[in-house]
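> If you scroll down you'll find the structure; I have some questions about it.
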Amino acid sequence: MSVDWLDVLIPAALETLKISVIAAVLSAVVGFLAALGCLSRRRTLRGACRAYIEVLRAIPLLVLLILAYYGLGERLEAWHIGAFTVAVVVLVANEGAYTAEVYRSALLSIDRGQWHAGASLGLSERQTLRLVVLPQFARIALQPTVNMLIYVIKGSALASLITVEELTLVSQRLVAETFQPLEVYLMAGAIYLLITMPLGYLVYFIGGRVDKRVKTGAGPRPRVRLGLRGLGARQA
Amino acid sequence: MSAEVKMTTVDHTEGAPVETLLSARNIRKSFGEREVLRGVSLEVGKGERVCLVGRSGSGKSTFLRCLNLLEPPTEGEITVAGVSSSSWAGGVATTAPTGKALAQHRAQVGMVFQHFELFPHLTAVGNVALGPQHVLGLRRADAERRARELLERVGLGDELDAYPATLSGGQRQRVAIARALAMGPKLLLFDEPTSSLDPELALEVLLVMKELAAEGTTMIIVTHEIRFAREVGTHVAVFDDGCIIEQGPPQQVLVEPRDARTRHFLRSVLADVPPGEGQV
């Protein structure tokens with residue numbers, strides 16, 4: 001193993017992180033809006049959101065990526081759209097659909113009585129959403145959202161197939177130069193682990209603090225520990 | 001708004017007629033094919049305590065939700081003096097408040113729910129201050145001051161910063177009452193406020209309600225506590241199958257009911273309560 005490997009792998013890891021964070025934030029937004037749309041009183045909106053979720057959940061991410069990048073091919077060039085943008089859009093389209101489904105059930109798990117209580121005070125629907133429902137939703141949605149971010153980080157490896165200079169692609173090139181696949185890929189794997197692992201702890205840290213504050217009395221919850229137990233339990 | 005409201009009077013209490021605060025005329029409500037309310041009319045005078053009793057599923061709670069406009073009726077008219085008047089026909093509102101006017105109606109017609117429906121992410125003070133701050137437009141500090149005063153009034157001065165999950169059922173319901181009071185309502189609606197509480201905890205809620213009654217608060221209470229209705233109510237209406245089958249002063253309706261269905265209902269609720277118990 002040589003130190004110059006890191007000179008190429010670290011910028012690649014940053015690229016992975018950049019795609020992932022942008023895609024995850026947008027997925028959360030798209031997912032939330034689609035979840036709200038699914039619960040809308042307007043039938044057409046409900047139908048459109050449902051269709052989006054059903055279709056984009058069903059197509060493999062890899063197919064979607066190749067379809068968008070190679071399928072549109074020259075048109076992308078004409079529109080000056082690069083591989084990075086395609087990767088982000090496809091990740092968001094796919095992950096947004098999954099997230100919408102998760103967020104929808106999170107919204108549904110908030111008692112309808114909460115909406116009634118808000119309305120009974122004279123709060124508008126939008127105010128009730130913002131002041132009453134969203135804070136409760138955030139608590140429920142925190143863990144699945146971080147989970148989603150981890151999926152996006154791992155999913156971003158597929159962007160290597162459409163020439164995005166992220167960690168997986170750069171590792172492949174490094175292997176071609178060094179002929180040391182085991183060492184290089186182990187290192188790439190370790191970098192993925194280093195990126196995703198702290199996120200698991202972040203959930204417990206934030207989640208634990210919120211729980212302490214609200215004290216829902218919903219029974220014991222896992223606490224932050226200095227071992228690997230927290231992360232292992234979450235991925236199980 | 002108040003200009004179009006006719007000044008009528010009701011004579012539910014003995015003695016001088018009082019000014020009508022709320023009038024509901026011929027309220028009908030259907031959920032799909034099922035008609036839950038079949039033409040309910042009720043007049044409530046200022047300072048009156050109207051108790052709605054009747055079997056589960058007889059439409060009492062739905063009627064209450066209609067009064068707060070949480071559930072728009074299919075047909076009928078609801079007028080709250082000086083606040084709003086609305087009417088519906090064929091499932092469509094002919095005149096009904098929207099936006100700010102709707103918010104004002106709901107703030108002026110406070111509601112206390114069977115399952116409290118406190119906001120779990122807010123403290124007792126936060127629960128009570130939310131409405132005043134975001135609907136009445138009070139500054140946060142003023143809204144919280146009002147909240148603290150009201151919580152002290154319902155006997156929760158020691159639990160100002162407690163989250164709902166750490167409070168007992170009776171305490172939660174008292175926070176809910178303070179939350180409704182914080183909007184300065186003309187009228188309070190109670191939807192079975194003690195049904196999900198142990199008798200002991202129900203008692204502390206009923207005591208708060210008795211105090212409110214003593215202060216002259218106008219209330220409409222859906223309840224199964226017949227003794228409370230007899231003691232605190234000024235008027236009782238008996239629901240059965242989406243209609244009011246009998247109404248009048250509690251002494252008459254609950255002690256010497258005319259309708260056979262009322263007698264049957266009273267026998268079934270009072271059957272398992274030994275004499276003297278459940279009294280407040």
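Identifiers in the structure tokens: chain A, B, ... in order shown; residue index from 1 per chain; ligand index from 1 in order shown.
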Only residues of chain B matter here; which ones have an atom within 10 Å of chain A, counting only C-alpha atoms? Give them as number ranges by chain.
B: 65, 68-71, 98-113, 115-123, 127-128, 130-132, 134-136, 162-166, 176, 179-183, 185
> Can you list, as a PDB file with all heavy atoms, in the first residue's frame, every protein, DNA or RNA residue that comes within 7 Å of region 15-30 of chain A when you count only C-alpha atoms, leaving out same-chain residues fewer than 6 positions away?

ATOM      1  N   VAL A  88     -27.023  12.191 -10.061  1.00  0.00           N
ATOM      2  CA  VAL A  88     -27.810  12.766  -8.964  1.00  0.00           C
ATOM      3  C   VAL A  88     -29.304  12.644  -9.255  1.00  0.00           C
ATOM      4  O   VAL A  88     -30.085  12.180  -8.409  1.00  0.00           O
ATOM      5  CB  VAL A  88     -27.417  14.249  -8.728  1.00  0.00           C
ATOM      6  CG1 VAL A  88     -28.433  14.933  -7.818  1.00  0.00           C
ATOM      7  CG2 VAL A  88     -26.030  14.339  -8.118  1.00  0.00           C
ATOM      8  N   LEU A  91     -30.448   8.985  -8.940  1.00  0.00           N
ATOM      9  CA  LEU A  91     -30.471   8.566  -7.531  1.00  0.00           C
ATOM     10  C   LEU A  91     -31.678   9.162  -6.811  1.00  0.00           C
ATOM     11  O   LEU A  91     -32.350   8.484  -6.043  1.00  0.00           O
ATOM     12  CB  LEU A  91     -29.182   9.003  -6.821  1.00  0.00           C
ATOM     13  CG  LEU A  91     -27.970   8.081  -6.961  1.00  0.00           C
ATOM     14  CD1 LEU A  91     -26.724   8.768  -6.422  1.00  0.00           C
ATOM     15  CD2 LEU A  91     -28.208   6.771  -6.207  1.00  0.00           C
ATOM     16  N   VAL A  92     -31.943  10.447  -7.077  1.00  0.00           N
ATOM     17  CA  VAL A  92     -33.066  11.116  -6.418  1.00  0.00           C
ATOM     18  C   VAL A  92     -34.390  10.514  -6.872  1.00  0.00           C
ATOM     19  O   VAL A  92     -35.278  10.238  -6.057  1.00  0.00           O
ATOM     20  CB  VAL A  92     -33.038  12.639  -6.696  1.00  0.00           C
ATOM     21  CG1 VAL A  92     -34.333  13.289  -6.237  1.00  0.00           C
ATOM     22  CG2 VAL A  92     -31.847  13.272  -5.994  1.00  0.00           C
ATOM     23  N   GLU A  95     -34.464   6.954  -5.188  1.00  0.00           N
ATOM     24  CA  GLU A  95     -34.479   6.948  -3.721  1.00  0.00           C
ATOM     25  C   GLU A  95     -35.653   7.776  -3.187  1.00  0.00           C
ATOM     26  O   GLU A  95     -36.193   7.471  -2.129  1.00  0.00           O
ATOM     27  CB  GLU A  95     -33.141   7.485  -3.199  1.00  0.00           C
ATOM     28  CG  GLU A  95     -32.745   6.966  -1.852  1.00  0.00           C
ATOM     29  CD  GLU A  95     -32.758   5.447  -1.762  1.00  0.00           C
ATOM     30  OE1 GLU A  95     -32.080   4.769  -2.559  1.00  0.00           O
ATOM     31  OE2 GLU A  95     -33.474   4.947  -0.887  1.00  0.00           O
ATOM     32  N   GLY A  96     -36.028   8.816  -3.947  1.00  0.00           N
ATOM     33  CA  GLY A  96     -37.186   9.627  -3.555  1.00  0.00           C
ATOM     34  C   GLY A  96     -38.443   8.778  -3.477  1.00  0.00           C
ATOM     35  O   GLY A  96     -39.287   8.965  -2.592  1.00  0.00           O
ATOM     36  N   THR A  99     -38.231   6.690  -0.328  1.00  0.00           N
ATOM     37  CA  THR A  99     -38.375   7.565   0.829  1.00  0.00           C
ATOM     38  C   THR A  99     -39.815   8.027   0.986  1.00  0.00           C
ATOM     39  O   THR A  99     -40.329   8.114   2.101  1.00  0.00           O
ATOM     40  CB  THR A  99     -37.433   8.765   0.676  1.00  0.00           C
ATOM     41  OG1 THR A  99     -36.130   8.267   0.390  1.00  0.00           O
ATOM     42  CG2 THR A  99     -37.381   9.589   1.946  1.00  0.00           C
ATOM     43  N   LEU A 149     -29.738   7.809   3.454  1.00  0.00           N
ATOM     44  CA  LEU A 149     -28.459   8.419   3.087  1.00  0.00           C
ATOM     45  C   LEU A 149     -27.394   7.347   2.882  1.00  0.00           C
ATOM     46  O   LEU A 149     -26.607   7.397   1.931  1.00  0.00           O
ATOM     47  CB  LEU A 149     -28.033   9.421   4.173  1.00  0.00           C
ATOM     48  CG  LEU A 149     -26.654  10.052   4.046  1.00  0.00           C
ATOM     49  CD1 LEU A 149     -26.498  10.775   2.709  1.00  0.00           C
ATOM     50  CD2 LEU A 149     -26.401  11.030   5.184  1.00  0.00           C
ATOM     51  N   VAL A 152     -27.939   5.702  -0.352  1.00  0.00           N
ATOM     52  CA  VAL A 152     -27.531   6.574  -1.456  1.00  0.00           C
ATOM     53  C   VAL A 152     -26.014   6.533  -1.620  1.00  0.00           C
ATOM     54  O   VAL A 152     -25.502   6.445  -2.737  1.00  0.00           O
ATOM     55  CB  VAL A 152     -28.024   8.020  -1.228  1.00  0.00           C
ATOM     56  CG1 VAL A 152     -27.416   8.956  -2.260  1.00  0.00           C
ATOM     57  CG2 VAL A 152     -29.542   8.079  -1.316  1.00  0.00           C
ATOM     58  N   ILE A 153     -25.292   6.529  -0.500  1.00  0.00           N
ATOM     59  CA  ILE A 153     -23.833   6.467  -0.573  1.00  0.00           C
ATOM     60  C   ILE A 153     -23.407   5.187  -1.284  1.00  0.00           C
ATOM     61  O   ILE A 153     -22.568   5.190  -2.179  1.00  0.00           O
ATOM     62  CB  ILE A 153     -23.216   6.521   0.845  1.00  0.00           C
ATOM     63  CG1 ILE A 153     -23.424   7.912   1.446  1.00  0.00           C
ATOM     64  CG2 ILE A 153     -21.719   6.186   0.788  1.00  0.00           C
ATOM     65  CD1 ILE A 153     -23.071   8.014   2.914  1.00  0.00           C
ATOM     66  N   SER A 156     -24.351   5.219  -4.957  1.00  0.00           N
ATOM     67  CA  SER A 156     -23.553   6.119  -5.793  1.00  0.00           C
ATOM     68  C   SER A 156     -22.395   5.376  -6.452  1.00  0.00           C
ATOM     69  O   SER A 156     -21.821   5.849  -7.430  1.00  0.00           O
ATOM     70  CB  SER A 156     -23.035   7.287  -4.955  1.00  0.00           C
ATOM     71  OG  SER A 156     -22.010   6.837  -4.100  1.00  0.00           O
ATOM     72  N   GLU A 166     -16.095   8.862  -9.108  1.00  0.00           N
ATOM     73  CA  GLU A 166     -16.270   8.662  -7.681  1.00  0.00           C
ATOM     74  C   GLU A 166     -15.396   7.508  -7.213  1.00  0.00           C
ATOM     75  O   GLU A 166     -14.614   6.943  -7.986  1.00  0.00           O
ATOM     76  CB  GLU A 166     -17.745   8.520  -7.309  1.00  0.00           C
ATOM     77  CG  GLU A 166     -18.562   7.559  -8.121  1.00  0.00           C
ATOM     78  CD  GLU A 166     -18.106   6.158  -7.894  1.00  0.00           C
ATOM     79  OE1 GLU A 166     -18.318   5.622  -6.794  1.00  0.00           O
ATOM     80  OE2 GLU A 166     -17.498   5.596  -8.833  1.00  0.00           O
ATOM     81  N   LEU A 167     -15.536   7.141  -5.965  1.00  0.00           N
ATOM     82  CA  LEU A 167     -14.619   6.218  -5.319  1.00  0.00           C
ATOM     83  C   LEU A 167     -14.471   4.881  -6.053  1.00  0.00           C
ATOM     84  O   LEU A 167     -13.355   4.383  -6.234  1.00  0.00           O
ATOM     85  CB  LEU A 167     -15.085   5.996  -3.868  1.00  0.00           C
ATOM     86  CG  LEU A 167     -14.173   5.195  -2.952  1.00  0.00           C
ATOM     87  CD1 LEU A 167     -12.767   5.763  -2.950  1.00  0.00           C
ATOM     88  CD2 LEU A 167     -14.745   5.182  -1.537  1.00  0.00           C
TER      89      LEU A 167
END
> What lies within 10 Å of Gln114 (chain B) using only C-alpha atoms, ignoring chain neighbours under 4 positions off, as a ChimeraX atom specification?
/B:61,173,190-197,222-223
> For the selection just defined, write its residues with all heavy atoms to a file, as an mmCIF file, in the first residue's frame.

data_model
loop_
_atom_site.group_PDB
_atom_site.id
_atom_site.type_symbol
_atom_site.label_atom_id
_atom_site.label_comp_id
_atom_site.auth_asym_id
_atom_site.auth_seq_id
_atom_site.Cartn_x
_atom_site.Cartn_y
_atom_site.Cartn_z
ATOM 1 N N SER B 61 -71.140 12.898 19.547
ATOM 2 C CA SER B 61 -69.790 13.416 19.267
ATOM 3 C C SER B 61 -69.723 14.049 17.881
ATOM 4 O O SER B 61 -69.110 15.099 17.706
ATOM 5 C CB SER B 61 -68.759 12.304 19.359
ATOM 6 O OG SER B 61 -68.648 11.893 20.697
ATOM 7 N N GLN B 173 -55.756 16.002 30.676
ATOM 8 C CA GLN B 173 -57.027 16.592 30.281
ATOM 9 C C GLN B 173 -57.160 18.014 30.817
ATOM 10 O O GLN B 173 -57.750 18.865 30.177
ATOM 11 C CB GLN B 173 -58.190 15.703 30.755
ATOM 12 C CG GLN B 173 -59.532 16.013 30.121
ATOM 13 C CD GLN B 173 -59.522 15.874 28.610
ATOM 14 O OE1 GLN B 173 -58.775 16.576 27.917
ATOM 15 N NE2 GLN B 173 -60.349 14.997 28.084
ATOM 16 N N PHE B 190 -67.038 19.874 25.167
ATOM 17 C CA PHE B 190 -66.310 18.761 25.780
ATOM 18 C C PHE B 190 -66.818 17.463 25.175
ATOM 19 O O PHE B 190 -68.004 17.159 25.271
ATOM 20 C CB PHE B 190 -66.550 18.708 27.292
ATOM 21 C CG PHE B 190 -65.904 19.833 28.046
ATOM 22 C CD1 PHE B 190 -66.544 21.058 28.177
ATOM 23 C CD2 PHE B 190 -64.665 19.662 28.642
ATOM 24 C CE1 PHE B 190 -65.956 22.097 28.888
ATOM 25 C CE2 PHE B 190 -64.069 20.697 29.355
ATOM 26 C CZ PHE B 190 -64.714 21.914 29.477
ATOM 27 N N ASP B 191 -65.924 16.698 24.571
ATOM 28 C CA ASP B 191 -66.322 15.421 23.976
ATOM 29 C C ASP B 191 -65.909 14.277 24.901
ATOM 30 O O ASP B 191 -64.770 13.835 24.870
ATOM 31 C CB ASP B 191 -65.674 15.265 22.598
ATOM 32 C CG ASP B 191 -66.188 14.057 21.852
ATOM 33 O OD1 ASP B 191 -67.132 13.418 22.358
ATOM 34 O OD2 ASP B 191 -65.650 13.753 20.772
ATOM 35 N N GLU B 192 -66.836 13.828 25.710
ATOM 36 C CA GLU B 192 -66.568 12.762 26.686
ATOM 37 C C GLU B 192 -65.232 12.974 27.396
ATOM 38 O O GLU B 192 -64.333 12.136 27.303
ATOM 39 C CB GLU B 192 -66.572 11.394 26.002
ATOM 40 C CG GLU B 192 -67.878 11.117 25.282
ATOM 41 C CD GLU B 192 -68.017 9.651 24.915
ATOM 42 O OE1 GLU B 192 -67.382 8.818 25.580
ATOM 43 O OE2 GLU B 192 -68.764 9.354 23.984
ATOM 44 N N PRO B 193 -65.088 14.095 28.114
ATOM 45 C CA PRO B 193 -63.765 14.449 28.654
ATOM 46 C C PRO B 193 -63.236 13.483 29.703
ATOM 47 O O PRO B 193 -62.046 13.468 29.966
ATOM 48 C CB PRO B 193 -64.005 15.828 29.273
ATOM 49 C CG PRO B 193 -65.466 15.866 29.568
ATOM 50 C CD PRO B 193 -66.122 15.069 28.476
ATOM 51 N N THR B 194 -64.107 12.665 30.286
ATOM 52 C CA THR B 194 -63.613 11.786 31.349
ATOM 53 C C THR B 194 -63.733 10.308 30.990
ATOM 54 O O THR B 194 -63.425 9.451 31.798
ATOM 55 C CB THR B 194 -64.386 12.036 32.669
ATOM 56 O OG1 THR B 194 -65.777 11.809 32.414
ATOM 57 C CG2 THR B 194 -64.191 13.442 33.165
ATOM 58 N N SER B 195 -64.134 10.015 29.755
ATOM 59 C CA SER B 195 -64.393 8.608 29.402
ATOM 60 C C SER B 195 -63.151 7.744 29.400
ATOM 61 O O SER B 195 -63.237 6.542 29.595
ATOM 62 C CB SER B 195 -65.058 8.516 28.034
ATOM 63 O OG SER B 195 -66.331 9.075 28.101
ATOM 64 N N SER B 196 -61.976 8.359 29.137
ATOM 65 C CA SER B 196 -60.789 7.508 29.116
ATOM 66 C C SER B 196 -59.990 7.632 30.425
ATOM 67 O O SER B 196 -58.800 7.366 30.437
ATOM 68 C CB SER B 196 -59.925 7.831 27.904
ATOM 69 O OG SER B 196 -59.703 9.209 27.808
ATOM 70 N N LEU B 197 -60.656 8.066 31.480
ATOM 71 C CA LEU B 197 -59.947 8.252 32.758
ATOM 72 C C LEU B 197 -60.502 7.342 33.852
ATOM 73 O O LEU B 197 -61.687 7.012 33.853
ATOM 74 C CB LEU B 197 -60.099 9.708 33.214
ATOM 75 C CG LEU B 197 -59.494 10.794 32.323
ATOM 76 C CD1 LEU B 197 -59.850 12.163 32.853
ATOM 77 C CD2 LEU B 197 -57.990 10.620 32.243
ATOM 78 N N VAL B 222 -70.578 16.404 26.079
ATOM 79 C CA VAL B 222 -71.014 15.040 25.798
ATOM 80 C C VAL B 222 -70.495 14.193 26.944
ATOM 81 O O VAL B 222 -69.293 14.199 27.228
ATOM 82 C CB VAL B 222 -70.429 14.521 24.472
ATOM 83 C CG1 VAL B 222 -70.707 13.035 24.308
ATOM 84 C CG2 VAL B 222 -71.001 15.293 23.298
ATOM 85 N N THR B 223 -71.383 13.514 27.650
ATOM 86 C CA THR B 223 -70.911 12.804 28.838
ATOM 87 C C THR B 223 -71.736 11.561 29.139
ATOM 88 O O THR B 223 -72.885 11.434 28.718
ATOM 89 C CB THR B 223 -70.914 13.744 30.067
ATOM 90 O OG1 THR B 223 -70.348 13.053 31.169
ATOM 91 C CG2 THR B 223 -72.312 14.214 30.416
#
> Within 12 Å of Asp198 (chain B), counting only C-alpha atoms, which residues show up once you throw out same-chain ones fewer than 6 positions away? Write them as a PyMOL selection string, please.
chain B and resi 168-170+204-206+278
> Keeping N, CA and C atoms, export the residues of the selection given above as a CSV table (one decimal), in the first residue's frame.

chain,number,residue,atom,x,y,z
B,168,SER,N,-50.3,12.5,34.2
B,168,SER,CA,-51.3,11.5,34.4
B,168,SER,C,-52.5,11.9,33.4
B,169,GLY,N,-53.4,11.0,33.2
B,169,GLY,CA,-54.5,11.3,32.3
B,169,GLY,C,-55.3,12.5,32.7
B,170,GLY,N,-55.5,12.6,34.0
B,170,GLY,CA,-56.3,13.7,34.5
B,170,GLY,C,-55.6,15.0,34.3
B,204,GLU,N,-60.9,14.8,39.2
B,204,GLU,CA,-60.2,16.1,39.2
B,204,GLU,C,-60.5,16.9,37.9
B,205,VAL,N,-60.8,16.2,36.8
B,205,VAL,CA,-61.3,17.0,35.6
B,205,VAL,C,-62.7,17.5,35.8
B,206,LEU,N,-63.5,16.7,36.4
B,206,LEU,CA,-64.9,17.2,36.7
B,206,LEU,C,-64.9,18.4,37.6
B,278,GLY,N,-69.9,7.8,42.2
B,278,GLY,CA,-69.8,8.6,41.0
B,278,GLY,C,-70.3,10.0,41.2
> Name the residues in contact with Ser160 (chain A) at a cut-off of 10 Å, using only C-alpha atoms, excluding same-chain residues fewer than 6 positions from it; report them as a list of chain:residue names.
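Counting only the stated atoms, we get A:Thr16, A:Ala83, A:Ala87, A:Glu166, A:Leu167, A:Thr168, A:Leu169, A:Val170, A:Ser171, A:Gln172.
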> Using only N, CA, C and O atoms, please write the residues we just selected to a file, as a CSV table (one decimal), in the first residue's frame.

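result03.csv was written with the following content:
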chain,number,residue,atom,x,y,z
A,16,THR,N,-17.8,11.1,-4.1
A,16,THR,CA,-18.8,10.2,-3.6
A,16,THR,C,-19.7,10.9,-2.6
A,16,THR,O,-21.0,10.8,-2.7
A,83,ALA,N,-22.4,13.7,-16.6
A,83,ALA,CA,-22.7,12.4,-15.9
A,83,ALA,C,-23.0,12.6,-14.4
A,83,ALA,O,-23.9,12.0,-13.9
A,87,ALA,N,-26.3,11.3,-12.6
A,87,ALA,CA,-26.3,10.4,-11.5
A,87,ALA,C,-27.1,10.9,-10.3
A,87,ALA,O,-27.9,10.1,-9.7
A,166,GLU,N,-16.1,8.9,-9.1
A,166,GLU,CA,-16.3,8.7,-7.7
A,166,GLU,C,-15.4,7.5,-7.2
A,166,GLU,O,-14.6,6.9,-8.0
A,167,LEU,N,-15.5,7.1,-6.0
A,167,LEU,CA,-14.6,6.2,-5.3
A,167,LEU,C,-14.5,4.9,-6.1
A,167,LEU,O,-13.4,4.4,-6.2
A,168,THR,N,-15.6,4.3,-6.5
A,168,THR,CA,-15.5,3.0,-7.1
A,168,THR,C,-14.7,3.0,-8.5
A,168,THR,O,-13.9,2.2,-8.7
A,169,LEU,N,-15.1,4.0,-9.3
A,169,LEU,CA,-14.4,4.1,-10.6
A,169,LEU,C,-12.9,4.4,-10.4
A,169,LEU,O,-12.1,3.7,-11.1
A,170,VAL,N,-12.6,5.3,-9.5
A,170,VAL,CA,-11.2,5.6,-9.3
A,170,VAL,C,-10.4,4.4,-8.8
A,170,VAL,O,-9.3,4.1,-9.1
A,171,SER,N,-11.1,3.6,-7.9
A,171,SER,CA,-10.5,2.4,-7.4
A,171,SER,C,-10.2,1.4,-8.6
A,171,SER,O,-9.1,0.8,-8.6
A,172,GLN,N,-11.2,1.3,-9.4
A,172,GLN,CA,-11.0,0.4,-10.6
A,172,GLN,C,-9.8,0.8,-11.4
A,172,GLN,O,-8.9,0.0,-11.8
> Per DSSP on the backbone, what are the alpha helix (DSSP H) residues of chain A, as a PyMOL selection string?
chain A and resi 3-38+43-58+61-66+72+74-78+83-109+112-120+125-128+134-155+167-178+181-214+229-235
> Please identify which residues in region 95-133 of chain B DSSP calls strand (DSSP E or B) from the backbone, and express them as a PDB file with C-alpha atoms, in the first residue's frame.

ATOM      1  CA  THR B  95     -72.399  30.126   3.622  1.00  0.00           C
ATOM      2  CA  VAL B 109     -65.711  27.543  20.113  1.00  0.00           C
ATOM      3  CA  GLY B 110     -63.120  25.662  22.157  1.00  0.00           C
ATOM      4  CA  MET B 111     -62.915  21.894  22.073  1.00  0.00           C
ATOM      5  CA  VAL B 112     -61.732  19.334  24.601  1.00  0.00           C
TER       6      VAL B 112
END
> Find the spatial neighbours of Glu152 (chain B), counting only C-alpha atoms, within a cut-off of 12 Å - ignore same-chain residues fewer than 2 positions away - and output them as an MDAnalysis selection string.
chainID B and resid 124:125 128 145:150 154:160 171 174:175 177:178 208
> Between B:Trp88, B:Phe63, B:Val253, B:Glu225, which is the closest to Leu270 (chain B) once you count only C-alpha atoms?
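Checking each candidate against Leu270 (chain B), we get B:Glu225 as the closest.
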> Taking 3 positions as the minimum chain separation for residues in the same chain, which residues sit within 10 Å of Val92 (chain B) when counting only C-alpha atoms? Answer as a count of residues only.
9
> Could you tell me which of A:Tyr204, A:Tyr69, A:Phe137, A:Trp79 comes closest to Tyr103 (chain A) if we count only C-alpha atoms?
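For Tyr103 (chain A), the nearest of the candidates is A:Phe137.
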